[in-house]
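A quick write-up on the structure given underneath.
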Amino acid sequence: MPFKVAFIGTHGVGKTTLAYGLASRLKRRDVNLEVVVEVARRCPLPLNEGTTLEAQAWILHAQIADELAAEARSPVVICDRSVLDNYVYLLFSRGRQPALEPLIGSWSDTYDLKVHVPILRGSEAQPDGLRATDPAFRRQIDNRLRQELKERRIHSLALDPEHRESWLDTVEEAVANQLRVPQLDLL
């Protein structure tokens with residue numbers, strides 16, 4: 001079973017940057033890995049505040065399919081989202097979906113490490129033609145994610161919003177300790 005890391009959080013907080021930064025550092029340690037990028041960018045259906053059940057079902061299933069493919073190719077998988085934080089967008093806009101709850105719960109257990117990336121004070125989502133930029137919407141998604149983590153009793157490595165400069169070091173150390181990979185001085 002591959003070791004799987006998921007960066008979780010609202011949009012525009014730096015999950016993708018951290019995922020690629022971690023991948024780069026682990027590659028320097030000679031770790032064979034695969035990165036699963038955010039699937040919402042490929043979704044042909046409405047996103048953000050106007051998302052639909054169909055859009056979120058598409059995203060959830062595409063996320064799982066991409067993770068399964070990555071797991072088949074590599075012993076370490078880094079995800080710049082998880083099924084849980086994708087599901088939070090659906091919870092926010094359409095409420096609980098009883099048919100999806102068992103899937104979300106069981107798939108959330110497949111991540112060996114969940115890293116919660118917080119919203120930095122004063123930061124804004126940069127307009128990219130896809131992500132919502134409304135700061136209130138970002139906070140609502142982040143608050144709902146925190147609530148889900150608590151209600152589902154899911155542990156995550158919570159990054160300190162006051163020390164962004166050490167986020168990558170913190171995550172690399174947590175992963176390296178769990179994988180027990182040596183430090184290699186290649187670069």
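Starting from 1 in every chain, residues are counted up; chains themselves are A, B, ... following the order of the structure tokens, and ligands are numbered from 1 as listed.
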
(request) Determine which residues of region 29-118 of chain A receive a DSSP assignment of strand (DSSP E or B), computed from the backbone, and state them as a PyMOL selection string. (result) chain A and resi 33-36+76-79+113-116

Preceding selection exported with C-alpha atoms as a PDB file, in the first residue's frame:
```
ATOM      1  CA  LEU A  33       6.647   9.446  -6.052  1.00  0.00           C
ATOM      2  CA  GLU A  34       3.668  10.679  -7.998  1.00  0.00           C
ATOM      3  CA  VAL A  35       1.819  14.006  -7.597  1.00  0.00           C
ATOM      4  CA  VAL A  36      -1.971  14.100  -7.992  1.00  0.00           C
ATOM      5  CA  VAL A  76       4.547   7.578  -2.450  1.00  0.00           C
ATOM      6  CA  VAL A  77       1.623   9.737  -3.592  1.00  0.00           C
ATOM      7  CA  ILE A  78       1.286  13.455  -2.893  1.00  0.00           C
ATOM      8  CA  CYS A  79      -2.190  14.948  -3.402  1.00  0.00           C
ATOM      9  CA  LEU A 113      -0.800  12.227   6.425  1.00  0.00           C
ATOM     10  CA  LYS A 114      -3.252  15.089   6.007  1.00  0.00           C
ATOM     11  CA  VAL A 115      -1.696  18.551   6.060  1.00  0.00           C
ATOM     12  CA  HIS A 116      -4.085  21.421   6.728  1.00  0.00           C
TER      13      HIS A 116
END
```

(request) Between A:Ser74, A:Gly95, A:Asp80, A:Arg28, single out the one closest to Gln56 (chain A), counting only C-alpha atoms. (result)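 Going through A:Ser74, A:Gly95, A:Asp80, A:Arg28 one by one, the smallest distance to Gln56 (chain A) is for A:Gly95.
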
(request) Could you check which of A:Asp134, A:Glu54, A:Asp66, A:Glu38 is closest to Gly14 (chain A), using only C-alpha atoms? (result)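 Looking only at the distances to Gly14 (chain A), the closest residue turns out to be A:Glu38.
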
(message) Report as a ChimeraX atom specification all protein, DNA and RNA residues lying within 9 Å of Gly12 (chain A), evaluated on only C-alpha atoms, omitting residues in the same chain fewer than 4 positions from it.
(response) /A:16,119,123-126,131-133,138

(message) as a ChimeraX atom specification, please: the residues near Gly9 (chain A) (cut-off 9 Å, only C-alpha atoms, same-chain neighbours under 2 positions excluded).
(response) /A:7,11-15,81,85,115-119,141-142,145-146
